[in-house]
>>> print(open('coords21.tsv').read())   # TSV, C-alpha atoms and all ligand atoms
chain	number	residue	atom	x	y	z
A	1	MET	CA	-33.60	-68.21	-2.83
A	2	GLN	CA	-34.54	-71.53	-4.33
A	3	ALA	CA	-37.66	-73.19	-3.01
A	4	ILE	CA	-39.00	-76.67	-3.57
A	5	GLU	CA	-42.57	-77.86	-3.53
A	6	LEU	CA	-43.46	-80.88	-1.45
A	7	ASN	CA	-46.29	-82.87	-0.02
A	8	ASP	CA	-48.92	-81.08	2.07
A	9	LYS	CA	-48.08	-83.17	5.11
A	10	ILE	CA	-44.62	-82.44	6.42
A	11	PHE	CA	-43.16	-84.39	9.31
A	12	TYR	CA	-40.11	-83.81	11.45
A	13	PRO	CA	-37.89	-86.50	12.98
A	14	ASP	CA	-38.27	-86.78	16.75
A	15	ASP	CA	-34.72	-87.78	17.52
A	16	GLU	CA	-32.11	-87.49	14.83
A	17	SER	CA	-29.31	-88.80	17.01
A	18	ALA	CA	-30.80	-92.29	17.13
A	19	ALA	CA	-31.48	-92.47	13.40
A	20	MET	CA	-29.65	-94.63	10.90
A	21	THR	CA	-27.36	-92.61	8.63
A	22	PHE	CA	-25.79	-93.46	5.27
A	23	VAL	CA	-22.98	-92.66	2.90
A	24	VAL	CA	-23.95	-93.50	-0.66
A	25	ASP	CA	-21.56	-94.59	-3.43
A	26	CYS	CA	-21.15	-92.32	-6.49
A	27	MET	CA	-23.21	-94.39	-8.90
A	28	LEU	CA	-26.29	-94.36	-6.67
A	29	GLY	CA	-27.46	-90.73	-6.80
A	30	LYS	CA	-31.10	-91.60	-7.26
A	31	LEU	CA	-31.04	-93.89	-4.23
A	32	ALA	CA	-29.47	-91.10	-2.15
A	33	LYS	CA	-32.13	-88.63	-3.27
A	34	TRP	CA	-34.99	-90.95	-2.37
A	35	LEU	CA	-33.51	-91.87	0.99
A	36	LYS	CA	-33.53	-88.13	1.73
A	37	ILE	CA	-37.15	-87.81	0.55
A	38	LEU	CA	-37.98	-90.60	3.01
A	39	GLY	CA	-36.27	-88.56	5.73
A	40	PHE	CA	-32.92	-90.36	6.08
A	41	ASP	CA	-29.55	-88.67	6.47
A	42	ALA	CA	-27.77	-89.79	3.28
A	43	VAL	CA	-24.47	-88.20	2.27
A	44	TYR	CA	-23.72	-88.39	-1.45
A	45	SER	CA	-21.07	-86.99	-3.73
A	46	SER	CA	-20.74	-87.87	-7.40
A	47	ARG	CA	-16.95	-87.50	-7.10
A	48	ALA	CA	-16.04	-89.21	-3.81
A	49	GLY	CA	-13.42	-91.96	-4.11
A	50	ASP	CA	-13.45	-95.29	-2.27
A	51	ASP	CA	-11.10	-94.12	0.48
A	52	GLU	CA	-13.15	-91.00	1.10
A	53	LEU	CA	-16.38	-93.00	1.34
A	54	LEU	CA	-14.84	-95.49	3.76
A	55	ARG	CA	-13.32	-92.74	5.88
A	56	LEU	CA	-16.65	-90.94	6.17
A	57	ALA	CA	-18.50	-94.16	7.02
A	58	GLN	CA	-16.01	-94.91	9.77
A	59	LYS	CA	-15.72	-91.38	11.16
A	60	GLU	CA	-19.46	-90.66	11.33
A	61	GLY	CA	-20.74	-94.19	11.91
A	62	ARG	CA	-22.61	-94.21	8.60
A	63	ALA	CA	-23.63	-97.35	6.75
A	64	LEU	CA	-22.01	-97.54	3.31
A	65	LEU	CA	-24.35	-98.32	0.40
A	66	THR	CA	-22.72	-99.56	-2.79
A	67	ARG	CA	-23.06	-101.88	-5.77
A	68	ASP	CA	-19.28	-102.18	-6.08
A	69	THR	CA	-18.08	-105.56	-4.78
A	70	GLY	CA	-14.49	-104.27	-4.65
A	71	LEU	CA	-15.47	-101.40	-2.38
A	72	ALA	CA	-17.66	-103.65	-0.22
A	73	ALA	CA	-14.70	-106.00	0.25
A	74	LYS	CA	-12.62	-103.10	1.56
A	75	ALA	CA	-15.32	-102.05	4.03
A	76	ARG	CA	-13.92	-103.70	7.12
A	77	GLY	CA	-15.09	-102.30	10.44
A	78	VAL	CA	-17.92	-100.29	8.85
A	79	LYS	CA	-21.50	-101.22	8.19
A	80	CYS	CA	-21.90	-101.88	4.48
A	81	LEU	CA	-24.78	-103.04	2.31
A	82	LEU	CA	-23.90	-104.45	-1.11
A	83	LEU	CA	-26.99	-103.73	-3.18
A	84	ARG	CA	-28.11	-106.32	-5.69
A	85	SER	CA	-30.66	-104.41	-7.70
A	86	GLN	CA	-29.97	-102.00	-10.56
A	87	ARG	CA	-33.31	-100.18	-10.17
A	88	TRP	CA	-33.34	-97.36	-7.60
A	89	GLN	CA	-36.86	-98.29	-6.45
A	90	ASP	CA	-35.66	-101.80	-5.59
A	91	GLN	CA	-32.49	-100.41	-4.02
A	92	VAL	CA	-34.60	-98.27	-1.67
A	93	ARG	CA	-36.57	-101.38	-0.72
A	94	GLU	CA	-33.35	-103.32	-0.13
A	95	VAL	CA	-32.09	-100.62	2.25
A	96	LEU	CA	-35.40	-100.36	4.13
A	97	ASP	CA	-35.67	-104.13	4.50
A	98	ASP	CA	-32.04	-104.91	5.28
A	99	PHE	CA	-31.81	-102.32	8.06
A	100	ASN	CA	-35.44	-102.83	9.13
A	101	LEU	CA	-36.30	-99.16	8.58
A	102	ARG	CA	-39.87	-99.21	7.31
A	103	GLY	CA	-41.06	-97.90	10.66
A	104	GLU	CA	-38.49	-95.07	10.60
A	105	VAL	CA	-39.66	-93.44	7.38
A	106	VAL	CA	-40.44	-89.73	7.90
A	107	PRO	CA	-41.14	-88.37	4.41
A	108	TYR	CA	-40.36	-84.77	3.47
A	109	SER	CA	-38.39	-83.98	6.63
A	110	ARG	CA	-34.95	-83.41	5.06
A	111	CYS	CA	-33.45	-80.88	2.65
A	112	LEU	CA	-32.85	-82.56	-0.71
A	113	ALA	CA	-30.04	-80.15	-1.52
A	114	CYS	CA	-27.87	-80.33	1.59
A	115	ASN	CA	-29.24	-83.23	3.66
A	116	ALA	CA	-30.07	-81.18	6.79
A	117	GLY	CA	-33.27	-81.83	8.78
A	118	LEU	CA	-36.01	-79.28	7.94
A	119	LYS	CA	-37.58	-77.01	10.56
A	120	PRO	CA	-41.14	-75.69	10.61
A	121	LEU	CA	-41.36	-72.17	9.20
A	122	PRO	CA	-44.15	-69.98	10.60
A	123	ARG	CA	-46.46	-68.59	7.95
A	124	THR	CA	-45.62	-65.00	8.83
A	125	SER	CA	-41.91	-65.70	8.34
A	126	ALA	CA	-42.54	-67.36	4.98
A	127	LYS	CA	-44.31	-64.34	3.54
A	128	ASN	CA	-41.17	-62.57	2.34
A	129	LEU	CA	-39.41	-65.75	1.24
A	130	VAL	CA	-41.85	-67.13	-1.34
A	131	ALA	CA	-43.80	-65.76	-4.30
A	132	PRO	CA	-47.17	-64.16	-3.35
A	133	PHE	CA	-49.26	-66.85	-5.14
A	134	VAL	CA	-47.36	-69.59	-3.28
A	135	TYR	CA	-47.94	-67.81	0.01
A	136	GLU	CA	-51.66	-67.72	-0.77
A	137	TYR	CA	-52.17	-71.38	-1.67
A	138	ALA	CA	-49.61	-73.26	0.42
A	139	GLY	CA	-50.91	-74.75	3.65
A	140	GLY	CA	-47.61	-74.76	5.53
A	141	PHE	CA	-43.90	-74.14	5.12
A	142	SER	CA	-40.58	-75.63	6.20
A	143	ILE	CA	-37.09	-74.23	5.99
A	144	CYS	CA	-33.66	-75.80	5.77
A	145	PRO	CA	-31.54	-74.38	8.60
A	146	SER	CA	-28.41	-75.01	6.58
A	147	CYS	CA	-29.05	-73.55	3.11
A	148	GLY	CA	-32.24	-71.56	3.70
A	149	ARG	CA	-34.32	-73.29	1.02
A	150	VAL	CA	-38.04	-73.07	1.72
A	151	TYR	CA	-40.30	-76.08	1.14
A	152	TRP	CA	-44.07	-76.12	0.88
A	153	PRO	CA	-46.94	-78.34	-0.29
A	154	GLY	CA	-47.08	-78.34	-4.01
A	155	THR	CA	-47.91	-79.83	-7.32
A	156	HIS	CA	-45.39	-82.67	-7.04
A	157	PHE	CA	-47.68	-84.13	-4.43
A	158	HIS	CA	-49.40	-86.78	-6.54
A	159	ASP	CA	-46.31	-87.96	-8.36
A	160	MET	CA	-44.25	-88.31	-5.19
A	161	GLU	CA	-47.09	-89.89	-3.26
A	162	SER	CA	-47.63	-92.59	-5.83
A	163	ARG	CA	-43.92	-93.33	-6.05
A	164	LEU	CA	-43.65	-93.55	-2.26
A	165	LYS	CA	-46.71	-95.75	-2.13
A	166	ASP	CA	-45.08	-97.99	-4.69
A	167	ILE	CA	-41.82	-98.18	-2.72
A	168	ILE	CA	-42.92	-98.55	0.87
A	169	GLY	CA	-46.40	-99.96	0.39
A	170	ASP	CA	-49.87	-98.89	1.52
A	171	LYS	CA	-49.74	-100.27	5.03
A	172	ASP	CA	-46.52	-98.56	6.11
A	173	ALA	CA	-47.35	-95.33	4.37
A	174	GLY	CA	-50.70	-95.15	6.11
A	175	LYS	CA	-49.15	-95.78	9.49
A	176	LYS	CA	-47.07	-92.63	9.15
A	177	GLY	CA	-50.05	-90.60	7.96
A	178	LEU	CA	-48.48	-90.29	4.56
A	179	LEU	CA	-51.52	-91.25	2.51
B	201	ZN	ZN	-30.59	-77.26	2.64
>>> encode(input="coords21.tsv", output="structure tokens", more="lines below")
Ligand SMILES: [Zn+2]
Amino acid sequence: MQAIELNDKIFYPDDESAAMTFVVDCMLGKLAKWLKILGFDAVYSSRAGDDELLRLAQKEGRALLTRDTGLAAKARGVKCLLLRSQRWQDQVREVLDDFNLRGEVVPYSRCLACNAGLKPLPRTSAKNLVAPFVYEYAGGFSICPSCGRVYWPGTHFHDMESRLKDIIGDKDAGKKGLL
């Protein structure tokens, strides 16, 4: 069982069906990871070809995120954002701004491994799933219903918080109770 440490404040999306979802082009793995950290459903494969990406976008109503002008030109009938920036931090900002998603950010609500929405895990249920010292110090736990990974508040807290603060800004972060 692999477990991942997260922030001490974990939020859960109220209504996943209404949320914006994405399919992310192969070269943009870091963007996909951070969209998931911010709580967005972002499908990513390092091996998916153009046709596969377009098919998935169409079939599941996902917005395609790419830096490839050739792929963007082929994206007829699907939502597509052609990213300008090379830096993942700026790419995240481009996505949030272009789709007006700053109010939809729900950090630490999604499994970083398989993209599923996390569920609260009662403390008693967590006891046998994490190391004893983690069980002692962690304030709360979440579990991925898909792969079973357990998440809890941890030492990555400060690093992630400052990066998030940098990306989405003080005002928006505060509004969601992030900081
Ligand atoms: Zn998972």
>>> closest_residue(input="coords21.tsv", among="A:Val150, A:Leu38, A:Gly49, A:Met160", to="Arg93 in chain A", atoms="all atoms listed in the file")
A:Leu38
>>> closest_atom_pairs(input="coords21.tsv", of="range 51-91 of chain A", to="range 163-167 of chain A", cutoff="10 Å", atoms="all atoms listed in the file", output="CSV")
residue,atom,partner,partner_atom,distance
A:Trp88,CA,A:Ile167,CA,9.8
A:Gln89,CA,A:Ile167,CA,6.2
A:Asp90,CA,A:Ile167,CA,7.7
A:Gln91,CA,A:Ile167,CA,9.7
>>> residues_near_ligand(input="coords21.tsv", ligand="ligand ZN 201 (chain B)", cutoff="9 Å", atoms="all atoms listed in the file", output="PyMOL selection string")
chain A and resi 110-118+143-150
>>> atom_distance(input="coords21.tsv", atom1="CA of Leu83 in chain A", atom2="CA of Leu65 in chain A")
7.0 Å
>>> residues_around(input="coords21.tsv", residues="range 22-37 of chain A", least_positions_apart="3", cutoff="8 Å", atoms="all atoms listed in the file", output="PyMOL selection string")
chain A and resi 40-48+53+56-57+62-67+88-89+91-92+107-112+115
>>> closest_residue(input="coords21.tsv", among="A:Leu96, A:Ala75, A:Leu82, A:Leu54", to="Met20 in chain A", atoms="only C-alpha atoms")
A:Leu96
>>> atom_distance(input="coords21.tsv", atom1="CA of Asp51 in chain A", atom2="CA of Leu71 in chain A")
9.0 Å
>>> residues_around(input="coords21.tsv", residues="Gly140 in chain A", least_positions_apart="3", cutoff="7 Å", atoms="only C-alpha atoms", output="PyMOL selection string")
chain A and resi 123+152-153
>>> atom_distance(input="coords21.tsv", atom1="CA of Asp68 in chain A", atom2="CA of Gly39 in chain A")
24.8 Å
